[in-house]
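Asker: Right, I'll just put the structure down here and ask away after.
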There are 2 protein chains.
Amino acid sequence: MADTKVYRASTTAPVNIAVVKYWGKRDAKLNLPTNSSLSVTLSQADLRTLTTASCSNSYTEGDSLTLNGEAADVAGARTQACFRELRSRRAALEAADASLPKLSAMPVKLVSENNFPTAAGLASSAAGFAALVKAIALLYELPDSPAELSIVARQGSGSACRSLFGGYAAWRMGEKADGSDSKAELIAPASHWPEMRALILVASAAKKGVSSTSGMQQTVATSGLFQQRISTVVPANMASMEAAVHAKDFAKFAEVTMRESNSFHATCADTYPPIFYMNDVSRAAIRAVEQINAEAGETIAAYTFDAGPNCVVYYLEKDASTILGTFYKPLAEVTGWKEGAASIKSTVELEGSLASSLKEGVSRVILTGVGEGPTKTDEYLIDENGQAVKR
Amino acid sequence: MADTKVYRASTTAPVNIAVVKYWGKRDAKLNLPTNSSLSVTLSQADLRTLTTASCSNSYTEGDSLTLNGEAADVAGARTQACFRELRSRRAALEAADASLPKLSAMPVKLVSENNFPTAAGLASSAAGFAALVKAIALLYELPDSPAELSIVARQGSGSACRSLFGGYAAWRMGEKADGSDSKAELIAPASHWPEMRALILVASAAKKGVSSTSGMQQTVATSGLFQQRISTVVPANMASMEAAVHAKDFAKFAEVTMRESNSFHATCADTYPPIFYMNDVSRAAIRAVEQINAEAGETIAAYTFDAGPNCVVYYLEKDASTILGTFYKPLAEVTGWKEGAASIKSTVELEGSLASSLKEGVSRVILTGVGEGPTKTDEYLIDENGQAVKR
């Protein structure tokens, strides 16, 4: 009789925040970038996607995905590309070993949940596709390395390829037309520089403007400054950033991070029509970081912004009291502070206009730090009978 | 007996707003730019500086300048350079013709007034130095052409060299180390394209940030994208803009104007630390112009921003009702509208968020258009006895 067993596997995957930015595709279908990028993987204790992948001949409705309790579309080219790649790799194993169950021919059911509010406006697609690819790879018992899986995840969402690694990861743009050399690799594990912390200032008006997918292609097509960024600025920043991470040189890490964010948003502003992701609150956060560094007499904080107004402030554990104490004063009322934040003392008193801008425009904070990559787990969002677990 | 006569001459000079921006010096002492620029001279009926230059052996206190009723410093290197250049040209005339009074040896007294509030945050230095140089040139009866005088004015304030011409003027960056070929020239007189209009939205928070003099040098020193701007972007924009002006092609004029403003502010944002002249109100003005063009189905308005948040909207007289009517709705309460503005009808209804941002952040408007260059006048701010006229 036919195999109607339900096969399952679960994994978590992290969010990553780039310090050398991915902006621009040279091949939109394969998600091949115009430049390499580098990111810090953030702790899954604070930000993670949990995904259970399962497959069974008993699934009659075909492939499906439930995201945060709601049915999500799996017909999209990005998701289909991931399914196709993973099934073909499983099929190869099955062809080589007839004793293996024919999972590649079964419908896939995925259930996925984030432990952070989508409202936060944090790019969750990176963690989402990294978890999707990793969960199915576990389900299929694929021997592929994280780097090999990153080639699959990249086709789901470019930055997702970096979320297959913990710590500090680079996405090498590669040169081949088929994208087989455009993949992520580990620069250094979290254990190499575990003191890295991140404070995320979530902006109230985090309503998404131009989507990054269309925005980056408008930049490629219309910015007169973009070529300089990808041909000269980014390669230099990649080299400096890798050296800074290896040497655990925070001042260098911070300068490159800030210059990179500035360069990325500059090419957005040079797009026609111009794209603005930062607002007056974002700029207040930049000035606050500059004031903190000026009063510290050294660079102890770095700002970076993705395709939105949220500010991510990187700092080292040793400077936590200065960074958190300074931002806590104007933001004491918002959610996200951890216990004891109120008692943290900082000598830095933000200029009145900066403090009021932040107070007005920041709706919540997220305190986190560098963390590990995807982790297999026995926590399942689909039960043995193939039903989504009620939570 | 010694000549104690008071010699006088008066001129007015206009403001100009660049559509291809000057940003960056290759020689800070001589004010030699890293790129050429092009501007529209605005009507002196709305924005002008009136300056009377006089000299007399009866002046005992040495060279002096009174600006808007207050004593101003003439010891600055910029002002001294202008005085020195003009005196040497006068001295050459005197050496060639002994019958000429020895004005070059007399103390100079200057009195200058703007017909617009300094509060408006409009760069008045261009009109100011153009008027200063032109007034002294008239006083000294110098034969120099506007282009020759622009070399002198340039040393006072770079953009001042363009204010020696009406209509549409270019500042050729030149190549020589002594700056003798870095001067302004006429692209087309106002009469060539008299329909050009400008609506200036003066932002409330027009408190000056980084001065343009120091800001542009920070950009030259730290922006990784700046080289691309001066080597490739600006030369292409200069050629397109000149062609657009000659052909009176507003759509092209507008596109280059907007791309140029975007490119200039992009290099400011790419400066380290970043320089931000535009704020959320400025961005609302950009979106408003984009909405107007979208609803018109053609480009009938162009935005440009100098080193501040004020938005200058260029448009043609034929589209005055659409442009003015659209901005009047949210800005009916601010000063600066001309008679009849309330009765102007526009079919464009700005998005609520844009309208409220503008209403919140714009403190006054200035309605003007393309105008003439410096004009000799019999209106004197210094009387026959060398006394500042009470006004």
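Residues are named by chain letter and number: chains run A, B, ... in the order of the structure tokens, numbers start at 1 in each chain, and ligands are numbered from 1 in the order shown.
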Taking 3 positions as the minimum chain separation for residues in the same chain, which residues sit within 8 Å of Ala341 (chain B) when counting only C-alpha atoms? Answer as a ChimeraX atom specification.
Answerer: /B:324-325,328,337-338,344
Asker: Among region 144-373 of chain A, which ones does DSSP assign to alpha helix (DSSP H) (computed from the backbone)? Answer as a count of residues only.
Answerer: 98
Asker: When the cut-off is 9 Å and we count only C-alpha atoms, which residues of chain B are near chain A, given as a VMD selection string?
Answerer: chain B and resid 223 to 229 232 to 233 258 to 274 276 279 to 280 283 286 290
Asker: Kindly give the distance, in Å, that separates CA of Ser112 (chain B) and CA of Gly308 (chain B), rounded to a single decimal.
Answerer: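 Going from CA of Ser112 (chain B) over to CA of Gly308 (chain B), I get 23.9 Å.
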Asker: Considering only C-alpha atoms, return as a list of chain:residue names whatever protein or nucleic-acid residues lie within 10 Å of Arg391 (chain A), sequence-local ones (same chain, fewer than 2 positions apart) excluded.
Answerer: A:Gly69, A:Leu381, A:Ala388, A:Val389
Asker: What is the distance between CA of Thr34 (chain A) and CA of Lys252 (chain A), in Å to one decimal?
Answerer: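 Interatomic distance, CA of Thr34 (chain A) to CA of Lys252 (chain A): 24.2 Å.
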Asker: For region 75-87 of chain A, list every protein, DNA or RNA residue within 8 Å, evaluated using only C-alpha atoms, and leave out those in the same chain fewer than 3 positions away; present the list as a ChimeraX atom specification.
Answerer: /A:90-91,104-105,133,136-137,152-153,155-157
Asker: Can I get the selection written as a compact mmCIF listing (two decimals), in the first residue's frame, with N, CA and C atoms?
Answerer:
# COMPACT_ATOMS: atom_id res chain seq x y z
N ARG A 90 16.70 16.31 -3.63
CA ARG A 90 16.18 15.10 -2.97
C ARG A 90 16.02 13.98 -3.99
N ALA A 91 15.50 14.33 -5.16
CA ALA A 91 15.27 13.33 -6.20
C ALA A 91 16.57 12.62 -6.58
N SER A 104 10.42 13.51 -2.62
CA SER A 104 10.46 14.56 -3.65
C SER A 104 9.16 14.61 -4.45
N ALA A 105 8.40 13.51 -4.41
CA ALA A 105 7.15 13.47 -5.18
C ALA A 105 5.94 13.87 -4.33
N VAL A 133 14.07 27.09 3.45
CA VAL A 133 15.05 26.26 2.75
C VAL A 133 15.69 25.25 3.72
N ILE A 136 13.17 22.39 4.78
CA ILE A 136 12.96 21.39 3.72
C ILE A 136 14.23 20.56 3.52
N ALA A 137 15.39 21.21 3.64
CA ALA A 137 16.66 20.48 3.52
C ALA A 137 16.78 19.42 4.62
N VAL A 152 20.29 28.29 -2.81
CA VAL A 152 18.85 28.10 -2.95
C VAL A 152 18.10 29.25 -2.28
N ALA A 153 18.48 29.55 -1.04
CA ALA A 153 17.79 30.61 -0.29
C ALA A 153 17.89 31.95 -1.01
N GLN A 155 17.69 32.55 -4.03
CA GLN A 155 16.68 32.67 -5.08
C GLN A 155 15.31 32.99 -4.49
N GLY A 156 15.15 32.75 -3.18
CA GLY A 156 13.90 33.14 -2.52
C GLY A 156 13.92 34.61 -2.15
N SER A 157 15.00 35.02 -1.49
CA SER A 157 15.20 36.42 -1.13
C SER A 157 16.70 36.61 -1.01
Asker: DSSP on the backbone: what in region 173-311 of chain B comes out strand (DSSP E or B), as a list in words?
Answerer: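 Answer for region 173-311 of chain B, restricted to strand (DSSP E or B): Lys183, Ala184, Glu185, Leu186, Ile187, Ala188, Met196, Arg197, Ala198, Leu199, Ile200, Leu201, Val202, Ala203, Ala301, Ala302, Tyr303, Thr304 and Cys311 of chain B.
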Asker: If you count only C-alpha atoms, which residues fall within 10 Å of region 352-362 of chain A, apart from same-chain ones fewer than 6 positions away, as a PyMOL selection string?
Answerer: chain A and resi 200-206+279-288+291+309-311+326-334
Asker: My list of candidates is A:Gly386, A:Pro146, A:Gly215, A:Pro194. Which is closest to Ser163 (chain A) when distances are computed with only C-alpha atoms?
Answerer: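 Ranked by minimum distance to Ser163 (chain A), first place goes to A:Pro146.
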Asker: What is the distance, in Å and to one decimal place, between CA of Asn16 (chain B) and CA of Val313 (chain B)?
Answerer: 13.4 Å
Asker: Would you list the contacts of region 58-60 of chain A as a PyMOL selection string, taking every protein, DNA or RNA residue within 9 Å and counting only C-alpha atoms, but skipping same-chain residues closer than 6 positions in sequence?
Answerer: chain A and resi 3-6+106-109+386
Asker: Go ahead and save the residues from that selection, with N, CA and C atoms, as a short mmCIF file (atom, residue, chain, number, x, y, z; two decimals), in the first residue's frame.
Answerer:
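The file below, part20.cif, is the result:
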data_model
loop_
_atom_site.label_atom_id
_atom_site.label_comp_id
_atom_site.auth_asym_id
_atom_site.auth_seq_id
_atom_site.Cartn_x
_atom_site.Cartn_y
_atom_site.Cartn_z
N ASP A 3 2.60 4.78 0.78
CA ASP A 3 3.12 5.41 2.00
C ASP A 3 2.34 6.70 2.28
N THR A 4 1.55 6.70 3.37
CA THR A 4 0.81 7.93 3.71
C THR A 4 1.36 8.59 4.96
N LYS A 5 2.56 8.16 5.35
CA LYS A 5 3.20 8.71 6.55
C LYS A 5 3.43 10.23 6.39
N VAL A 6 3.42 10.92 7.51
CA VAL A 6 3.74 12.35 7.52
C VAL A 6 5.20 12.53 7.97
N MET A 106 6.15 14.07 -3.04
CA MET A 106 5.02 14.36 -2.14
C MET A 106 4.75 15.86 -2.03
N PRO A 107 3.48 16.24 -1.82
CA PRO A 107 3.17 17.64 -1.54
C PRO A 107 3.85 18.08 -0.24
N VAL A 108 4.30 19.33 -0.21
CA VAL A 108 4.95 19.89 0.98
C VAL A 108 3.98 20.81 1.71
N LYS A 109 3.96 20.65 3.03
CA LYS A 109 3.18 21.57 3.87
C LYS A 109 4.13 22.28 4.82
N GLY A 386 -0.10 15.69 10.49
CA GLY A 386 -0.02 16.66 9.41
C GLY A 386 -0.90 17.87 9.62
#
Asker: Show which residues sit within 10 Å of Glu195 (chain A), as a list in words. Count only C-alpha atoms, and ignore same-chain residues fewer than 2 positions away.
Answerer: Ala190, Ser191, His192, Trp193, Arg197, Lys248, Tyr315, Leu316, Glu317, Lys318, Asp319, Gly369 and Val370 of chain A
Asker: Could the residues in this selection be saved with C-alpha atoms as a PDB file, in the first residue's frame?
Answerer:
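result_39.pdb, freshly written:
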ATOM      1  CA  ALA A 190      29.465  34.642  16.707  1.00  0.00           C
ATOM      2  CA  SER A 191      31.966  33.200  19.194  1.00  0.00           C
ATOM      3  CA  HIS A 192      34.768  35.145  17.480  1.00  0.00           C
ATOM      4  CA  TRP A 193      33.251  38.501  18.495  1.00  0.00           C
ATOM      5  CA  ARG A 197      25.191  44.214  20.424  1.00  0.00           C
ATOM      6  CA  LYS A 248      37.591  42.869  16.208  1.00  0.00           C
ATOM      7  CA  TYR A 315      27.788  48.701  19.882  1.00  0.00           C
ATOM      8  CA  LEU A 316      29.890  46.494  22.140  1.00  0.00           C
ATOM      9  CA  GLU A 317      28.675  45.013  25.436  1.00  0.00           C
ATOM     10  CA  LYS A 318      31.221  47.083  27.370  1.00  0.00           C
ATOM     11  CA  ASP A 319      29.476  50.271  26.213  1.00  0.00           C
ATOM     12  CA  GLY A 369      23.103  41.091  19.618  1.00  0.00           C
ATOM     13  CA  VAL A 370      25.096  38.822  17.356  1.00  0.00           C
TER      14      VAL A 370
END
Asker: Closest to Glu113 (chain B) among B:Thr12, B:Asn57, B:Thr41, B:Ser159, using only C-alpha atoms?
Answerer: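 The closest residue to Glu113 (chain B) is B:Thr12.
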Asker: Quick one: of A:Leu93, A:Ala9, A:Val312, A:Leu38, who's nearest to Leu138 (chain A), counting only C-alpha atoms?
Answerer: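 Nearest to Leu138 (chain A): A:Ala9.
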